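First comes the structure, then the notes that go with it.
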Amino acid sequence: KMESEKEKREFLAKRCARFTRKLTRGTAGEAKEMLNSRKCDSVVIATRHDPTQSLLELLPYLAPSSPFVVFCEYIEPLAACFRALQEQKLAINLRLSDTWMREYQVLPGRTHPSMNMSQSGGFLLAGIKLCPVTGINELDEEVMKEIKERIGGRRGKKNSNKKKGGKRGRNDGKGDGERSQKSRRVEGK
């Protein structure tokens, strides 16, 4: 039983807030309508169970060339999901990695890792969705060329050989004549 008037008001305020949240919460139909209205930019899934079915059901709602990430405590379900994505050619740039976490025990005057801790904090599967119709990345060759020209040559380095007329090597005014004079001096000694 609630004894004071303050406890009754707090209880009724919490109950009112709970009912308000329930009444304003979207229905399953509204959530599905929102998913169908436009494609998502990314998908993040964290599960303790097999993520393959969840990911395969959510991929149609993900826009092509958009990233997805799946977290799971165990590597086996993610490896199966990795294989399914590869076999069905649904994604590129697939990466399966582990997260490493260490808990620390902090006591007055000393800090050290906890004695009873798990070896891994879980595993991540990340990738980029391919276009389901063409099976390729959404960016076409012209767009890729334009991006590469803006960035530069390989690994973002500008190609400076084009400015020098295609010649490689030092261009500091020292030609072969000077080098041959040095070599003659060495031979003459």
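How things are named: the first chain in the structure tokens is A, the next is B, and so on; residues count from 1 in each chain; ligands count from 1 in the order shown.
Shell of Leu125 (chain A) at 6 Å, with only C-alpha atoms counted and residues fewer than 4 places along the chain excluded, is Val69, Val70, Arg95 and Leu96 of chain A.
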Keeping only N, CA, C and O atoms, take the residues you just selected and write them out as a PDB file, in the first residue's frame.
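What follows is the written file part19.pdb:
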ATOM      1  N   VAL A  69      26.122  -3.987 -40.909  1.00  0.00           N
ATOM      2  CA  VAL A  69      26.986  -4.561 -39.875  1.00  0.00           C
ATOM      3  C   VAL A  69      26.131  -5.491 -39.027  1.00  0.00           C
ATOM      4  O   VAL A  69      25.007  -5.163 -38.682  1.00  0.00           O
ATOM      5  N   VAL A  70      26.685  -6.675 -38.724  1.00  0.00           N
ATOM      6  CA  VAL A  70      25.998  -7.637 -37.871  1.00  0.00           C
ATOM      7  C   VAL A  70      26.938  -8.003 -36.725  1.00  0.00           C
ATOM      8  O   VAL A  70      28.093  -8.350 -36.957  1.00  0.00           O
ATOM      9  N   ARG A  95      33.719  -8.426 -44.504  1.00  0.00           N
ATOM     10  CA  ARG A  95      34.793  -8.544 -43.516  1.00  0.00           C
ATOM     11  C   ARG A  95      34.222  -9.178 -42.258  1.00  0.00           C
ATOM     12  O   ARG A  95      33.204  -8.732 -41.744  1.00  0.00           O
ATOM     13  N   LEU A  96      34.896 -10.197 -41.773  1.00  0.00           N
ATOM     14  CA  LEU A  96      34.514 -10.851 -40.531  1.00  0.00           C
ATOM     15  C   LEU A  96      35.650 -10.623 -39.553  1.00  0.00           C
ATOM     16  O   LEU A  96      36.781 -11.044 -39.793  1.00  0.00           O
TER      17      LEU A  96
END
- prompt: Hey, what's within 10 Å of region 39-46 of chain A if we count only C-alpha atoms and toss same-chain stuff fewer than 6 positions away? As a ChimeraX atom specification, please?
  reply: /A:54-55,58-73,124-126,128-129
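Our summary of the geometry notes that CA of Gly127 (chain A) is positioned 15.7 Å from CA of Pro77 (chain A).
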- prompt: Rounded to one decimal in Å, what is the spacing between CA of Gln105 (chain A) and CA of Gly121 (chain A)?
  reply: 16.7 Å
query: Where in region 34-92 of chain A does DSSP assign alpha helix (DSSP H), given as a VMD selection string?
result: chain A and resid 34 to 37 51 to 58 75 to 87
message: I need the residue nearest Ser114 (chain A) from this list: A:Ala84, A:Ala13, A:Met101, A:Leu90. Use only C-alpha atoms for the distance.
response: A:Met101
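Rounded to one decimal, CA of Tyr74 (chain A) and CA of His112 (chain A) lie 26.3 Å from each other.
Between Leu35 (chain A) and the candidates A:Glu57, A:Glu76, A:Gln86, A:Leu23, the tightest atom-to-atom separation, counting only C-alpha atoms, involves A:Glu57.
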